[in-house]
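Trainee: What follows is upload_24.tsv, TSV, C-alpha atoms and all ligand atoms.
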```tsv
chain	number	residue	atom	x	y	z
Y	1	MET	CA	101.12	85.91	66.69
Y	2	SER	CA	102.98	82.68	67.37
Y	3	PRO	CA	101.67	79.12	67.29
Y	4	GLY	CA	100.32	77.91	70.60
Y	5	VAL	CA	102.12	75.04	72.28
Y	6	LEU	CA	99.93	71.93	72.44
Y	7	TYR	CA	100.79	68.92	74.56
Y	8	VAL	CA	99.28	65.69	73.25
Y	9	VAL	CA	99.43	63.11	76.02
Y	10	VAL	CA	99.03	59.52	74.84
Y	11	ALA	CA	98.38	56.62	77.23
Y	12	GLY	CA	98.59	52.86	76.74
Y	13	ALA	CA	95.34	52.28	74.84
Y	14	GLY	CA	94.85	50.76	71.40
Y	15	ALA	CA	93.76	54.04	69.80
Y	16	VAL	CA	97.33	55.31	70.13
Y	17	ARG	CA	97.92	53.49	66.83
Y	18	HIS	CA	95.83	56.22	65.14
Y	19	VAL	CA	97.66	59.16	66.70
Y	20	PRO	CA	100.42	59.41	64.04
Y	21	SER	CA	97.98	59.26	61.13
Y	22	ARG	CA	95.07	61.22	62.61
Y	23	LEU	CA	95.59	63.42	65.67
Y	24	VAL	CA	99.11	64.68	65.06
Y	25	PRO	CA	98.56	65.70	61.40
Y	26	LEU	CA	95.23	67.37	62.28
Y	27	ALA	CA	96.79	69.32	65.15
Y	28	LEU	CA	99.71	70.42	62.94
Y	29	GLU	CA	97.29	71.46	60.16
Y	30	ARG	CA	95.46	73.62	62.68
Y	31	GLY	CA	98.72	75.43	63.43
Y	32	TRP	CA	99.64	74.01	66.83
Y	33	ASP	CA	103.24	73.62	67.91
Y	34	VAL	CA	102.80	70.01	69.02
Y	35	TYR	CA	104.72	68.08	71.67
Y	36	VAL	CA	103.72	64.49	72.36
Y	37	LEU	CA	104.16	62.99	75.82
Y	38	ALA	CA	103.69	59.22	76.17
Y	39	THR	CA	103.11	57.14	79.27
Y	40	ASP	CA	105.56	54.32	79.95
Y	41	GLN	CA	102.83	51.82	79.07
Y	42	ALA	CA	102.13	53.54	75.75
Y	43	ALA	CA	105.83	53.43	74.89
Y	44	ARG	CA	106.21	49.82	76.04
Y	45	ASN	CA	103.07	48.30	74.51
Y	46	PHE	CA	102.79	50.40	71.34
Y	47	PRO	CA	106.42	51.09	70.36
Y	48	GLU	CA	105.73	51.23	66.61
Y	49	ALA	CA	103.00	53.85	67.04
Y	50	VAL	CA	105.17	55.95	69.35
Y	51	ALA	CA	108.11	55.73	66.93
Y	52	GLN	CA	105.81	56.76	64.07
Y	53	ILE	CA	104.54	59.74	66.04
Y	54	ALA	CA	108.12	61.01	66.36
Y	55	VAL	CA	108.61	60.66	62.60
Y	56	VAL	CA	105.42	62.56	61.74
Y	57	LEU	CA	106.11	65.18	64.39
Y	58	GLY	CA	109.77	65.64	63.57
Y	59	ARG	CA	110.70	65.69	67.25
Y	60	PRO	CA	111.09	62.99	69.91
Y	61	VAL	CA	108.16	61.76	71.96
Y	62	ARG	CA	108.74	62.76	75.55
Y	63	THR	CA	108.52	60.07	78.23
Y	64	ASP	CA	110.66	61.45	81.03
Y	65	PHE	CA	111.66	64.51	83.02
Y	66	HIS	CA	114.16	67.09	81.78
Y	67	THR	CA	116.63	65.90	84.39
Y	68	THR	CA	116.83	62.59	82.51
Y	69	VAL	CA	116.41	63.85	78.97
Y	70	GLY	CA	118.46	67.04	79.28
Y	71	TYR	CA	116.04	69.77	78.20
Y	72	SER	CA	112.69	71.17	79.32
Y	73	LEU	CA	109.59	71.49	77.20
Y	74	PRO	CA	107.92	74.89	76.88
Y	75	ASP	CA	104.82	75.27	79.01
Y	76	PRO	CA	101.70	74.34	77.02
Y	77	ASP	CA	98.91	76.71	75.95
Y	78	ALA	CA	96.57	73.72	75.65
Y	79	VAL	CA	96.60	70.01	76.44
Y	80	ILE	CA	94.93	66.98	74.86
Y	81	VAL	CA	94.96	63.66	76.67
Y	82	ALA	CA	93.98	61.08	74.05
Y	83	PRO	CA	93.73	58.23	73.98
Y	84	ALA	CA	93.31	58.28	77.75
Y	85	THR	CA	93.26	54.99	79.63
Y	86	TYR	CA	91.15	54.07	82.64
Y	87	ASN	CA	94.38	54.13	84.63
Y	88	THR	CA	95.43	57.63	83.59
Y	89	VAL	CA	91.91	59.07	84.03
Y	90	THR	CA	91.59	57.52	87.48
Y	91	LYS	CA	94.99	58.58	88.78
Y	92	TRP	CA	94.79	62.09	87.25
Y	93	ALA	CA	91.40	62.64	88.89
Y	94	LEU	CA	92.90	61.60	92.24
Y	95	GLY	CA	95.70	64.13	91.84
Y	96	ILE	CA	98.41	61.48	91.69
Y	97	ALA	CA	101.76	62.55	90.24
Y	98	ASP	CA	103.90	59.42	90.41
Y	99	THR	CA	105.01	59.30	86.76
Y	100	TYR	CA	106.31	61.85	84.27
Y	101	VAL	CA	102.99	62.14	82.44
Y	102	LEU	CA	100.83	62.29	85.58
Y	103	THR	CA	103.15	64.92	87.03
Y	104	ARG	CA	102.81	67.10	83.94
Y	105	LEU	CA	99.02	66.63	83.95
Y	106	ALA	CA	98.72	67.49	87.63
Y	107	GLU	CA	100.73	70.66	86.98
Y	108	GLN	CA	98.46	71.85	84.16
Y	109	VAL	CA	95.10	71.65	85.93
Y	110	GLY	CA	95.56	74.87	87.90
Y	111	ARG	CA	97.02	76.90	85.02
Y	112	ASN	CA	93.72	77.98	83.49
Y	113	ILE	CA	94.52	76.58	80.04
Y	114	PRO	CA	92.18	74.47	77.90
Y	115	ILE	CA	92.54	70.75	78.58
Y	116	THR	CA	90.58	68.02	76.81
Y	117	VAL	CA	90.49	64.31	77.52
Y	118	GLY	CA	89.31	61.59	75.14
Y	119	PRO	CA	89.04	58.24	76.93
Y	120	TYR	CA	89.46	54.99	74.99
Y	121	ILE	CA	88.19	52.50	77.51
Y	122	ASN	CA	86.44	49.16	77.34
Y	123	ALA	CA	83.13	48.52	79.11
Y	124	ARG	CA	84.74	46.53	81.90
Y	125	PHE	CA	86.85	49.51	82.92
Y	126	ALA	CA	83.98	51.94	82.37
Y	127	ASN	CA	81.75	49.93	84.73
Y	128	HIS	CA	84.19	50.32	87.59
Y	129	PRO	CA	82.43	52.26	90.38
Y	130	THR	CA	85.07	55.02	90.34
Y	131	TYR	CA	85.04	55.78	86.62
Y	132	GLN	CA	82.06	58.14	86.23
Y	133	GLY	CA	83.17	59.97	89.37
Y	134	SER	CA	86.64	60.44	87.90
Y	135	LEU	CA	85.16	61.98	84.74
Y	136	ALA	CA	82.90	64.20	86.87
Y	137	THR	CA	85.92	65.38	88.87
Y	138	LEU	CA	87.83	66.26	85.71
Y	139	LYS	CA	84.79	68.20	84.42
Y	140	GLU	CA	84.55	70.08	87.74
Y	141	TRP	CA	88.14	71.13	87.22
Y	142	GLY	CA	87.21	72.55	83.80
Y	143	VAL	CA	88.60	69.68	81.73
Y	144	ASN	CA	86.61	69.03	78.53
Y	145	VAL	CA	85.58	65.39	78.32
Y	146	VAL	CA	84.91	64.10	74.80
Y	147	ILE	CA	83.38	60.63	74.62
Y	148	GLY	CA	83.48	58.94	71.22
Y	149	PRO	CA	80.41	57.31	69.63
Y	150	ASN	CA	81.76	53.80	70.33
Y	151	GLU	CA	82.77	54.44	73.93
Y	152	PRO	CA	82.92	52.48	76.07
Y	153	HIS	CA	83.77	49.73	73.60
Y	154	GLU	CA	83.63	45.98	74.07
Y	155	SER	CA	86.80	44.37	75.32
Y	156	GLY	CA	88.95	43.29	72.39
Y	157	ASP	CA	87.12	45.50	69.86
Y	158	ASP	CA	89.08	47.88	67.72
Y	159	ALA	CA	86.73	50.81	68.14
Y	160	ALA	CA	89.32	53.42	67.25
Y	161	ASP	CA	88.22	54.08	63.66
Y	162	ASP	CA	85.51	56.47	64.87
Y	163	PHE	CA	87.55	57.99	67.67
Y	164	PRO	CA	86.60	61.71	67.80
Y	165	TRP	CA	89.96	63.31	67.00
Y	166	GLU	CA	88.34	66.31	65.23
Y	167	GLY	CA	85.83	66.76	68.05
Y	168	ILE	CA	88.63	66.78	70.58
Y	169	LEU	CA	90.56	69.44	68.63
Y	170	ASP	CA	87.35	71.46	68.17
Y	171	THR	CA	87.18	72.00	71.95
Y	172	LEU	CA	90.38	74.06	71.81
Y	173	PRO	CA	90.64	77.73	70.84
Y	174	PRO	CA	92.48	78.74	67.63
Y	175	ALA	CA	96.13	77.71	67.67
Y	176	SER	CA	97.67	81.19	67.33
Y	177	MET	CA	98.38	82.93	70.60
Y	201	LIG	C1	97.64	45.75	74.08
Y	201	LIG	C2	97.01	46.53	75.21
Y	201	LIG	C3	95.90	47.30	74.94
Y	201	LIG	C4	95.29	48.05	75.97
Y	201	LIG	N1	94.23	48.82	75.67
Y	201	LIG	C5	93.68	49.57	76.64
Y	201	LIG	C6	92.61	50.44	76.33
Y	201	LIG	O1	92.16	50.53	75.18
Y	201	LIG	N2	92.11	51.23	77.32
Y	201	LIG	C7	92.59	51.18	78.61
Y	201	LIG	O2	92.09	51.93	79.45
Y	201	LIG	N3	93.60	50.35	78.93
Y	201	LIG	C8	94.15	49.54	77.98
Y	201	LIG	N4	95.18	48.71	78.30
Y	201	LIG	C9	95.62	48.61	79.70
Y	201	LIG	C10	96.53	49.78	80.04
Y	201	LIG	O3	97.62	49.84	79.15
Y	201	LIG	C11	97.04	49.60	81.49
Y	201	LIG	O4	95.96	49.81	82.40
Y	201	LIG	C12	98.18	50.55	81.81
Y	201	LIG	O5	98.51	50.45	83.19
Y	201	LIG	C13	97.83	51.98	81.48
Y	201	LIG	O6	98.90	52.82	81.86
Y	201	LIG	P1	98.92	54.35	81.41
Y	201	LIG	O7	97.60	54.92	81.81
Y	201	LIG	O8	100.05	54.92	82.22
Y	201	LIG	O9	99.19	54.38	79.95
Y	201	LIG	C14	95.80	47.97	77.29
Y	201	LIG	C15	96.92	47.17	77.54
Y	201	LIG	C16	97.51	46.46	76.52
Y	201	LIG	C17	98.73	45.62	76.83
```
Go through the file and emit its structure as structure tokens.

Mentor:
Amino acid sequence: MSPGVLYVVVAGAGAVRHVPSRLVPLALERGWDVYVLATDQAARNFPEAVAQIAVVLGRPVRTDFHTTVGYSLPDPDAVIVAPATYNTVTKWALGIADTYVLTRLAEQVGRNIPITVGPYINARFANHPTYQGSLATLKEWGVNVVIGPNEPHESGDDAADDFPWEGILDTLPPASM
């Protein structure tokens, strides 16, 4: 048996600061072969967190296509999208593929692999008329949606301490394939 390949997709939300200390170590402990893909906004607005993820992971965080970077990633056996922003949830649910991360997400939906999303979204975004419909669409597609106990949080709050990293990983099968 070999370790399953797990993509962890991080978007530009404050909880990305907890990914290097929480999600990545937990996923590695569970035996996943982890690759982290970051949106442009995650890389631009949270550069320290993204740099720290690469250190903990021991491999670069991917933000662009193989044609730019020079090598392809292996196809994933499972995908986590956390923290997911309102923007990424909305565009993913519409099937948009206009960035590296959204392209990779659009490609995975039809592959019959486990995919789990953990939104980190403030109440203003969550009250947008499209938001619940976007989550419902993702669920219809078979995506696991894990909503943390503090979600949606108040704008400006740091609600990431209780973000459900373990619960998100618990939705996936064992890491060995
Ligand atoms: C400091 C900062 C914190 C942000 N936090 C959040 C957040 O917690 N949740 C969210 O949905 N958007 C948040 N945003 C807004 C998103 O980054 C913005 O909508 C962006 O377009 C998301 O792009 P992405 O989905 O490609 O990462 C934040 C922006 C900044 C600058």

Trainee: Neighbouring residues of Leu37 (chain Y) were defined as those with any atom within 10 Å, considering all atoms listed in the file; residues of the same chain fewer than 3 positions away were excluded. Please report them as a ChimeraX atom specification.

Mentor: /Y:7-11,34,40,42-43,50,60-64,81,100-101,104

Trainee: Residues near Leu28 (chain Y), anyone? I mean within 10 Å using only C-alpha atoms, not counting same-chain ones fewer than 4 positions away, as a list in words.

Mentor: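 Answer for this query is Pro3, Leu6, Leu23, Val24, Trp32, Asp33, Val34, Val56, Leu57 and Ala175 of chain Y.
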
Trainee: Counting only C-alpha atoms and all ligand atoms, what are the residues, protein, DNA or RNA alike, that approach ligand LIG 201 (chain Y) to within 8 Å? I want them as a list in words.

Mentor: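 Counting only C-alpha atoms and all ligand atoms, the residues within 8 Å of ligand LIG 201 (chain Y) come out as Val10, Ala11, Gly12, Ala13, Gly14, Ala15, Ala38, Thr39, Asp40, Gln41, Ala42, Asn45, Phe46, Pro83, Ala84, Thr85, Tyr86, Asn87, Thr88, Val89, Val101, Pro119, Tyr120, Ile121, Asn122 and Phe125 of chain Y.
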
Trainee: What's the 9 Å shell around Gly118 (chain Y), counting all atoms listed in the file, without same-chain residues fewer than 4 positions away, as a PyMOL selection string?

Mentor: chain Y and resi 80-85+144-148+163-165+168

Trainee: What's around Lys91 (chain Y) at 9 Å? Count all atoms listed in the file, leave out sequence neighbours fewer than 5 positions away in its own chain, and write the answer as a PyMOL selection string.

Mentor: chain Y and resi 86+96-97+102+134

Trainee: Could you work out how far CA of Pro114 (chain Y) lies from CA of Val143 (chain Y), giving the answer in Å with one decimal?

Mentor: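 Between CA of Val143 (chain Y) and CA of Pro114 (chain Y) the gap works out to 7.1 Å.
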
Trainee: In Å, rounded to a single decimal, give me how far CA of Gly4 (chain Y) is from CA of Glu107 (chain Y).

Mentor: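 Atom-to-atom, CA of Glu107 (chain Y) to CA of Gly4 (chain Y), that is 17.9 Å.
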
Trainee: Using only C-alpha atoms, which of Y:Ser21, Y:Asn150, Y:Thr67, Y:Thr90 sits nearest Pro129 (chain Y)?

Mentor: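 Nearest candidate to Pro129 (chain Y) out of Y:Ser21, Y:Asn150, Y:Thr67, Y:Thr90: Y:Thr90.
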
Trainee: Report the distance between CA of Val36 (chain Y) and CA of Arg124 (chain Y) in Å, rounded to one decimal place.

Mentor: 27.8 Å

Trainee: When you count all atoms listed in the file, which of these residues is closest to Arg22 (chain Y): Y:Ala106, Y:Ala78, Y:Ile53, Y:Ala93?

Mentor: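 So, comparing all the options, the nearest one is Y:Ile53.
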
Trainee: Using only C-alpha atoms, which of the listed residues (Y:Pro174, Y:Thr103, Y:His18, Y:Ile115) sits closest to Val79 (chain Y)?

Mentor: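 Closest candidate: Y:Ile115.
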
Trainee: Closest to Asp77 (chain Y) among Y:Thr99, Y:Ser2, Y:Glu151, Y:Gln52, using only C-alpha atoms?

Mentor: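 Residue with the minimum atom-to-atom distance to Asp77 (chain Y): Y:Ser2.
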
Trainee: Return the padded bounding box of region 114-124 of chain Y as lines of an AutoDock Vina configuration file: axis-aligned, built from all atoms listed in the file, 4 Å added on each side, with centre and edge lengths in Å to one decimal.

Mentor:
```
center_x = 87.8
center_y = 60.5
center_z = 78.4
size_x = 17.4
size_y = 35.9
size_z = 14.9
```
